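Novice: Contents are TSV, C-alpha atoms; file name protein26.tsv:
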```
chain	number	residue	atom	x	y	z
Q	10	MET	CA	66.43	-0.80	130.50
Q	11	PRO	CA	65.36	-2.55	127.28
Q	12	GLU	CA	61.90	-4.05	127.45
Q	13	LEU	CA	60.50	-7.04	125.56
Q	14	PRO	CA	60.26	-5.35	122.11
Q	15	GLU	CA	63.84	-4.08	122.27
Q	16	VAL	CA	65.17	-7.49	123.32
Q	17	GLU	CA	63.13	-9.24	120.63
Q	18	THR	CA	64.41	-6.77	118.03
Q	19	VAL	CA	68.00	-7.57	119.00
Q	20	ARG	CA	67.23	-11.30	118.88
Q	21	LEU	CA	65.80	-10.97	115.38
Q	22	GLY	CA	68.92	-9.13	114.28
Q	23	LEU	CA	71.23	-11.73	115.80
Q	24	ALA	CA	69.40	-14.77	114.43
Q	25	PRO	CA	70.75	-14.71	110.85
Q	26	ALA	CA	74.32	-14.48	112.16
Q	27	MET	CA	73.97	-16.96	115.05
Q	28	GLU	CA	71.14	-19.45	114.65
Q	29	GLY	CA	72.37	-22.58	112.91
Q	30	HIS	CA	75.94	-21.27	112.95
Q	31	VAL	CA	79.09	-22.21	114.84
Q	32	LEU	CA	80.78	-19.86	117.29
Q	33	THR	CA	84.25	-20.15	115.77
Q	34	GLU	CA	85.90	-17.80	118.26
Q	35	VAL	CA	84.84	-16.14	121.53
Q	36	GLU	CA	86.88	-13.58	123.41
Q	37	ILE	CA	86.06	-11.92	126.72
Q	38	ARG	CA	87.87	-8.70	127.63
Q	39	ARG	CA	87.17	-8.66	131.37
Q	40	GLY	CA	86.29	-11.08	134.14
Q	41	ASP	CA	82.75	-9.90	134.76
Q	42	LEU	CA	79.78	-7.78	133.81
Q	43	ARG	CA	77.32	-7.31	136.67
Q	44	VAL	CA	78.30	-10.81	137.78
Q	45	PRO	CA	81.44	-12.82	136.93
Q	46	PHE	CA	81.48	-14.90	133.77
Q	47	PRO	CA	81.20	-18.63	134.53
Q	48	LYS	CA	84.36	-20.72	134.65
Q	49	ASP	CA	85.88	-21.43	131.21
Q	50	PHE	CA	83.14	-19.32	129.61
Q	51	ALA	CA	84.89	-18.70	126.28
Q	52	ALA	CA	86.18	-22.28	126.01
Q	53	ARG	CA	82.68	-23.72	126.61
Q	54	LEU	CA	81.31	-21.58	123.78
Q	55	ARG	CA	84.11	-21.95	121.27
Q	56	GLY	CA	83.26	-24.44	118.50
Q	57	ARG	CA	79.66	-24.84	119.64
Q	58	LYS	CA	76.74	-24.63	117.21
Q	59	VAL	CA	73.75	-22.45	118.07
Q	60	ARG	CA	70.78	-24.73	117.50
Q	61	HIS	CA	68.12	-22.20	118.39
Q	62	LEU	CA	68.00	-18.52	119.32
Q	63	ARG	CA	64.99	-17.52	121.38
Q	64	ARG	CA	63.81	-15.05	124.00
Q	65	ARG	CA	62.39	-15.54	127.50
Q	66	ALA	CA	61.14	-12.37	129.21
Q	67	LYS	CA	63.97	-9.86	128.71
Q	68	TYR	CA	66.66	-12.49	128.13
Q	69	ILE	CA	68.13	-13.71	124.82
Q	70	LEU	CA	68.78	-17.47	124.88
Q	71	ALA	CA	71.14	-19.30	122.53
Q	72	ASP	CA	70.64	-23.07	122.86
Q	73	LEU	CA	73.94	-24.81	122.05
Q	74	ASP	CA	74.70	-28.29	120.76
Q	75	SER	CA	76.60	-28.93	124.00
Q	76	GLY	CA	73.37	-29.03	126.02
Q	77	GLU	CA	74.01	-25.61	127.53
Q	78	THR	CA	72.23	-22.32	126.85
Q	79	LEU	CA	74.02	-19.00	126.54
Q	80	VAL	CA	71.93	-16.49	128.50
Q	81	ILE	CA	72.28	-12.82	127.58
Q	82	HIS	CA	70.74	-9.87	129.41
Q	83	LEU	CA	71.43	-6.42	127.98
Q	84	GLY	CA	71.13	-4.61	131.29
Q	85	MET	CA	70.62	-0.85	130.96
Q	86	SER	CA	73.09	-0.01	128.22
Q	87	GLY	CA	74.14	-3.27	126.56
Q	88	ARG	CA	74.32	-3.42	122.77
Q	89	MET	CA	75.02	-6.30	120.42
Q	90	SER	CA	76.32	-5.19	117.03
Q	91	VAL	CA	76.60	-7.55	114.06
Q	92	TYR	CA	79.25	-7.07	111.37
Q	93	ALA	CA	79.57	-9.21	108.24
Q	94	HIS	CA	83.06	-10.05	107.06
Q	95	GLY	CA	84.29	-8.67	103.76
Q	96	LYS	CA	82.00	-6.44	101.72
Q	97	GLN	CA	78.57	-5.45	102.88
Q	98	ARG	CA	76.21	-8.40	102.55
Q	99	ARG	CA	72.61	-9.28	103.25
Q	100	ILE	CA	71.88	-11.97	105.83
Q	101	GLY	CA	68.19	-12.80	106.03
Q	102	ASN	CA	66.25	-9.55	106.22
Q	103	TYR	CA	69.06	-7.55	107.78
Q	104	VAL	CA	71.90	-5.63	106.15
Q	105	TYR	CA	75.12	-5.31	108.14
Q	106	ASP	CA	78.22	-3.26	107.50
Q	107	LYS	CA	81.57	-4.95	107.31
Q	108	ALA	CA	83.55	-4.77	110.54
Q	109	PRO	CA	85.41	-1.45	110.70
Q	110	ASP	CA	89.00	-1.35	111.90
Q	111	GLY	CA	89.02	-1.92	115.63
Q	112	ALA	CA	85.50	-3.33	115.87
Q	113	GLY	CA	85.47	-5.23	119.14
Q	114	ASN	CA	88.50	-3.41	120.56
Q	115	GLY	CA	86.66	-0.44	122.06
Q	116	LYS	CA	86.94	0.47	125.74
Q	117	HIS	CA	83.50	-0.94	126.47
Q	118	ASP	CA	83.55	-3.87	124.02
Q	119	HIS	CA	83.52	-6.69	126.55
Q	120	VAL	CA	82.67	-9.83	124.52
Q	121	VAL	CA	83.38	-10.62	120.86
Q	122	PHE	CA	81.88	-13.59	119.02
Q	123	GLU	CA	83.00	-14.78	115.59
Q	124	THR	CA	80.62	-17.08	113.70
Q	125	ASP	CA	80.84	-19.06	110.48
Q	126	ALA	CA	78.01	-17.00	108.91
Q	127	PRO	CA	80.57	-15.37	108.67
Q	128	ALA	CA	79.99	-12.52	111.08
Q	129	ARG	CA	81.45	-10.75	114.08
Q	130	ILE	CA	79.16	-9.93	117.01
Q	131	VAL	CA	80.33	-7.37	119.55
Q	132	PHE	CA	78.75	-6.90	122.98
Q	133	ASN	CA	79.29	-3.36	124.24
Q	134	ASP	CA	78.12	-2.21	127.67
Q	135	HIS	CA	79.53	0.99	129.16
Q	136	ARG	CA	77.59	0.61	132.43
Q	137	ARG	CA	78.31	-3.12	132.79
Q	138	PHE	CA	74.82	-3.92	134.08
Q	139	GLY	CA	74.44	-6.64	131.45
Q	140	LEU	CA	74.85	-10.35	132.07
Q	141	MET	CA	76.13	-13.39	130.23
Q	142	THR	CA	76.13	-16.88	131.68
Q	143	LEU	CA	75.70	-20.54	130.75
Q	144	VAL	CA	72.85	-22.71	132.04
Q	145	ASN	CA	71.93	-26.36	131.46
Q	146	THR	CA	69.25	-26.17	128.75
Q	147	GLU	CA	67.01	-28.86	130.18
Q	148	ARG	CA	66.99	-27.18	133.59
Q	149	LEU	CA	66.70	-23.60	132.38
Q	150	GLU	CA	63.31	-22.91	133.94
Q	151	GLU	CA	64.65	-24.07	137.31
Q	152	ASP	CA	67.50	-21.56	137.25
Q	153	LYS	CA	67.20	-18.61	139.64
Q	154	LEU	CA	67.02	-16.21	136.67
Q	155	PHE	CA	63.86	-17.87	135.33
Q	156	ALA	CA	62.15	-19.64	138.22
Q	157	GLY	CA	58.81	-17.98	138.91
Q	158	LEU	CA	58.65	-15.95	135.70
Q	159	GLY	CA	55.13	-15.43	134.41
Q	160	ILE	CA	53.61	-16.19	131.05
Q	161	GLU	CA	54.92	-14.70	127.80
Q	162	PRO	CA	52.49	-11.96	126.69
Q	163	LEU	CA	52.77	-12.86	122.99
Q	164	SER	CA	52.03	-16.53	123.61
Q	165	ALA	CA	48.68	-18.16	122.80
Q	166	GLY	CA	48.23	-18.97	126.47
Q	167	PHE	CA	48.16	-15.31	127.43
Q	168	ASN	CA	44.44	-14.60	127.11
Q	169	ALA	CA	41.66	-12.96	129.08
Q	170	ALA	CA	40.96	-16.05	131.17
Q	171	HIS	CA	44.61	-16.38	132.18
Q	172	LEU	CA	45.01	-12.70	133.06
Q	173	ALA	CA	41.74	-12.67	135.02
Q	174	ARG	CA	43.03	-15.53	137.17
Q	175	ALA	CA	46.39	-13.82	137.66
Q	176	LEU	CA	44.79	-10.54	138.76
Q	177	GLU	CA	42.10	-12.03	140.99
Q	178	GLY	CA	42.20	-10.56	144.49
Q	179	LYS	CA	45.23	-8.35	143.85
Q	180	LYS	CA	45.07	-5.08	145.77
Q	181	THR	CA	47.92	-3.40	143.90
Q	182	PRO	CA	47.29	-0.93	141.05
Q	183	ILE	CA	46.93	-2.58	137.64
Q	184	LYS	CA	50.07	-0.79	136.43
Q	185	SER	CA	52.14	-2.38	139.21
Q	186	ALA	CA	50.53	-5.79	138.69
Q	187	LEU	CA	51.43	-5.83	135.00
Q	188	LEU	CA	55.02	-4.87	135.78
Q	189	ASP	CA	55.32	-7.85	138.14
Q	190	GLN	CA	57.37	-10.36	136.14
Q	191	ARG	CA	55.63	-13.19	138.01
Q	192	VAL	CA	52.33	-12.11	136.42
Q	193	VAL	CA	53.51	-11.36	132.87
Q	194	ALA	CA	57.11	-11.81	131.74
Q	195	GLY	CA	58.88	-9.09	129.81
Q	196	LEU	CA	56.50	-6.16	130.20
Q	197	GLY	CA	58.09	-2.86	131.18
Q	198	ASN	CA	57.07	0.66	132.07
Q	199	ILE	CA	56.71	2.10	128.57
Q	200	TYR	CA	54.51	-0.61	127.10
Q	201	VAL	CA	52.30	-1.01	130.17
Q	202	CYS	CA	51.54	2.73	130.00
Q	203	GLU	CA	50.77	2.46	126.30
Q	204	ALA	CA	48.64	-0.68	126.64
Q	205	LEU	CA	46.56	0.73	129.49
Q	206	PHE	CA	45.88	3.85	127.44
Q	207	ARG	CA	44.80	1.79	124.43
Q	208	ALA	CA	42.51	-0.27	126.67
Q	209	GLY	CA	41.05	2.80	128.41
Q	210	ILE	CA	42.01	1.60	131.91
Q	211	SER	CA	43.35	3.90	134.62
Q	212	PRO	CA	46.79	2.82	135.87
Q	213	LYS	CA	45.56	3.62	139.40
Q	214	LYS	CA	42.70	1.12	139.32
Q	215	LEU	CA	43.20	-1.88	141.59
Q	216	ALA	CA	44.14	-4.99	139.63
Q	217	GLY	CA	41.56	-7.15	141.37
Q	218	ALA	CA	38.80	-4.69	140.45
Q	219	ILE	CA	39.35	-4.95	136.70
Q	220	LYS	CA	36.20	-6.39	135.16
Q	221	ARG	CA	36.22	-9.21	132.61
Q	222	GLU	CA	34.88	-6.89	129.91
Q	223	GLN	CA	37.96	-4.69	130.48
Q	224	ILE	CA	40.43	-7.57	130.55
Q	225	VAL	CA	39.59	-8.69	127.00
Q	226	PRO	CA	40.62	-5.35	125.41
Q	227	LEU	CA	43.58	-5.09	127.80
Q	228	VAL	CA	45.04	-8.40	126.60
Q	229	ALA	CA	44.48	-7.32	122.99
Q	230	ALA	CA	46.14	-3.95	123.68
Q	231	ILE	CA	49.19	-5.56	125.30
Q	232	LYS	CA	49.71	-7.91	122.37
Q	233	LYS	CA	49.14	-5.16	119.78
Q	234	VAL	CA	51.46	-2.59	121.34
Q	235	LEU	CA	54.24	-5.16	121.68
Q	236	LYS	CA	53.87	-6.30	118.07
Q	237	ASP	CA	53.77	-2.69	116.84
Q	238	ALA	CA	56.90	-1.87	118.81
Q	239	ILE	CA	58.79	-4.92	117.49
Q	240	ALA	CA	57.83	-3.99	113.93
Q	241	ALA	CA	59.26	-0.50	114.56
Q	242	GLY	CA	62.53	-1.87	115.94
Q	243	GLY	CA	61.71	-1.04	119.56
Q	244	SER	CA	62.00	2.33	121.28
Q	245	THR	CA	65.25	4.27	121.52
Q	246	LEU	CA	65.17	6.71	124.40
Q	247	ARG	CA	68.84	6.49	125.33
Q	248	ASP	CA	70.93	3.39	124.64
Q	249	HIS	CA	68.88	0.88	122.63
Q	250	ALA	CA	70.05	0.07	119.12
Q	251	GLN	CA	69.14	-2.74	116.77
Q	252	ALA	CA	71.79	-5.29	115.85
Q	253	THR	CA	72.41	-3.31	112.67
Q	254	GLY	CA	73.28	-0.26	114.77
Q	255	ASP	CA	70.12	1.60	113.80
Q	256	PRO	CA	67.93	3.13	116.53
Q	257	GLY	CA	64.39	1.93	117.12
Q	258	ASN	CA	61.49	4.06	115.90
Q	259	PHE	CA	58.55	3.26	118.17
Q	260	GLN	CA	59.20	6.31	120.39
Q	261	HIS	CA	57.74	8.37	117.54
Q	262	HIS	CA	54.44	6.51	118.00
Q	263	PHE	CA	53.94	6.89	121.75
Q	264	LEU	CA	50.36	7.81	122.60
Q	265	VAL	CA	50.96	8.75	126.25
Q	266	TYR	CA	54.48	7.86	127.39
Q	267	GLY	CA	56.58	11.00	127.83
Q	268	ARG	CA	53.70	13.29	126.73
Q	269	GLU	CA	52.95	14.99	130.06
Q	270	GLY	CA	50.87	18.14	129.59
Q	271	LEU	CA	50.08	17.45	125.93
Q	272	LYS	CA	46.61	16.97	124.50
Q	273	CYS	CA	45.23	13.45	124.50
Q	274	LYS	CA	45.64	11.75	121.14
Q	275	ASN	CA	42.11	10.38	121.44
Q	276	LYS	CA	41.03	13.99	120.78
Q	277	CYS	CA	39.15	14.08	124.07
Q	278	PRO	CA	39.20	17.21	126.31
Q	279	GLY	CA	41.92	15.70	128.48
Q	280	THR	CA	45.65	16.25	128.67
Q	281	VAL	CA	48.25	13.61	129.52
Q	282	LYS	CA	49.18	13.49	133.19
Q	283	ARG	CA	52.26	12.05	134.86
Q	284	ILE	CA	52.20	10.42	138.28
Q	285	VAL	CA	54.76	8.30	140.10
Q	286	GLN	CA	53.90	4.70	140.99
Q	287	ALA	CA	56.43	2.52	142.80
Q	288	GLY	CA	59.17	4.94	141.81
Q	289	ARG	CA	58.30	4.83	138.10
Q	290	SER	CA	56.71	7.53	135.96
Q	291	THR	CA	53.23	6.69	134.77
Q	292	PHE	CA	51.61	8.59	131.90
Q	293	TYR	CA	47.87	8.48	131.28
Q	294	CYS	CA	44.80	10.50	130.29
Q	295	PRO	CA	42.40	11.00	133.24
Q	296	LYS	CA	39.53	11.61	130.80
Q	297	CYS	CA	39.96	8.46	128.70
Q	298	GLN	CA	41.23	6.03	131.32
Q	299	PHE	CA	39.00	5.10	134.22
```
How does the structure come out when it is put into structure tokens?
Specialist:
Amino acid sequence: MPELPEVETVRLGLAPAMEGHVLTEVEIRRGDLRVPFPKDFAARLRGRKVRHLRRRAKYILADLDSGETLVIHLGMSGRMSVYAHGKQRRIGNYVYDKAPDGAGNGKHDHVVFETDAPARIVFNDHRRFGLMTLVNTERLEEDKLFAGLGIEPLSAGFNAAHLARALEGKKTPIKSALLDQRVVAGLGNIYVCEALFRAGISPKKLAGAIKREQIVPLVAAIKKVLKDAIAAGGSTLRDHAQATGDPGNFQHHFLVYGREGLKCKNKCPGTVKRIVQAGRSTFYCPKCQF
């Protein structure tokens, strides 16, 4: 499932074609994804201007001039591809190909947006675990999808003092605590493994036992690994693609994730070990992380 950097990468790719532009046409090809589309979904989007395109946790949010917000979750295999009309053109910092014949008519192309950029945006999801819905913008944080979500890790408010308070007294392993979306929103398995390695903290250590002098580098490591991953276009292990169709590149920079049995990149005597925590693979170096 895409984590924060992958979702942010898709948002950045969508922004030049959506933000400040009108959705001139919207077509849905089925009645649901993992949940049904809301009533009159296409009609409520058609003709609406996207005032702002943002991200909350692992959701892409398009605030509309109607007072509603289009909420998009990519699920496990969702992709959003942007095509510019006519010849290839540059929109912002992204280059998109013109729409090939049949773009949007594929078996798993479930939603097609046309904008006055002009551009065509196709949502493809062969597993149909994605989600699209509409929520009142002013009451977004009260919606069941967002109520209780923790702080954004790239925000100014996410600092050592905040994380120390959030971890205080927790008897779960630090890896599990950081994956709890009520503690920090948007973090996933890959980047928690990578951040803990960079901070030199064992994923098995109890969250409430993390000392303040360890929390400072942990916060810095979380922010740095997320920023590095976004700059690389996210990580493509299976389904993720940027809005241009290109794969992400951060998987080529993993320090521990997926490196079981390989030598530690800190050039210590250790080798990367894999354990299972809460049903998820955890990769770490027993020599460097304690």
Novice: In Å to one decimal, how far is CA of Pro278 in chain Q from CA of Leu227 in chain Q?
Specialist: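 So the two atoms, CA of Leu227 in chain Q and CA of Pro278 in chain Q, lie 22.8 Å apart.
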Novice: Enumerate, in order of chain and increasing residue number, the residues of range 141-240 of chain Q with an atom no farther than 12 Å from range 55-65 of chain Q, each with its shortest atom pair and distance in Å to one decimal, counting all atoms listed in the file, as CSV.
Specialist:
```
residue,atom,partner,partner_atom,distance
Q:Thr146,CA,Q:His61,CA,11.2
Q:Leu149,CA,Q:Arg65,CA,10.4
Q:Glu150,CA,Q:Arg65,CA,9.8
Q:Leu154,CA,Q:Arg65,CA,10.3
Q:Phe155,CA,Q:Arg65,CA,8.3
Q:Ala156,CA,Q:Arg65,CA,11.5
Q:Leu158,CA,Q:Arg65,CA,9.0
Q:Gly159,CA,Q:Arg65,CA,10.0
Q:Ile160,CA,Q:Arg65,CA,9.5
Q:Glu161,CA,Q:Arg65,CA,7.5
Q:Pro162,CA,Q:Arg65,CA,10.6
Q:Leu163,CA,Q:Arg65,CA,11.0
Q:Ser164,CA,Q:Arg65,CA,11.1
Q:Gln190,CA,Q:Arg65,CA,11.3
Q:Val193,CA,Q:Arg65,CA,11.2
Q:Ala194,CA,Q:Arg65,CA,7.7
Q:Gly195,CA,Q:Arg65,CA,7.7
Q:Leu196,CA,Q:Arg65,CA,11.4
```
Novice: Quick check, in Å to one decimal: how far apart do CA of Phe299 in chain Q and CA of Ile210 in chain Q lie?
Specialist: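 Distance reported for this atom pair: 5.2 Å.
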Novice: So what do you get for CA of Lys236 in chain Q versus CA of Val192 in chain Q, distance-wise?
Specialist: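 Between CA of Lys236 in chain Q and CA of Val192 in chain Q the gap is 19.3 Å.
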Novice: I'd like the neighbourhood of Arg39 in chain Q as an MDAnalysis selection string, where a residue qualifies if any of its atoms comes within 10 Å (using all atoms listed in the file), though same-chain residues fewer than 4 positions away should be ignored.
Specialist: chainID Q and resid 45:46 117:120
Novice: Nearest to Glu147 in chain Q: which of Q:Lys232, Q:Glu77, Q:Gly267, Q:Ile239 is it, counting all atoms listed in the file?
Specialist: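 Once distances to Glu147 in chain Q are computed over all atoms listed in the file, the minimum belongs to Q:Glu77.
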Novice: Which residue, Q:Pro295, Q:Gly197, Q:Gly29, Q:Gly166, has the smallest gap to Leu73 in chain Q when you use all atoms listed in the file?
Specialist: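 Of the candidates, the smallest distance to Leu73 in chain Q is held by Q:Gly29.
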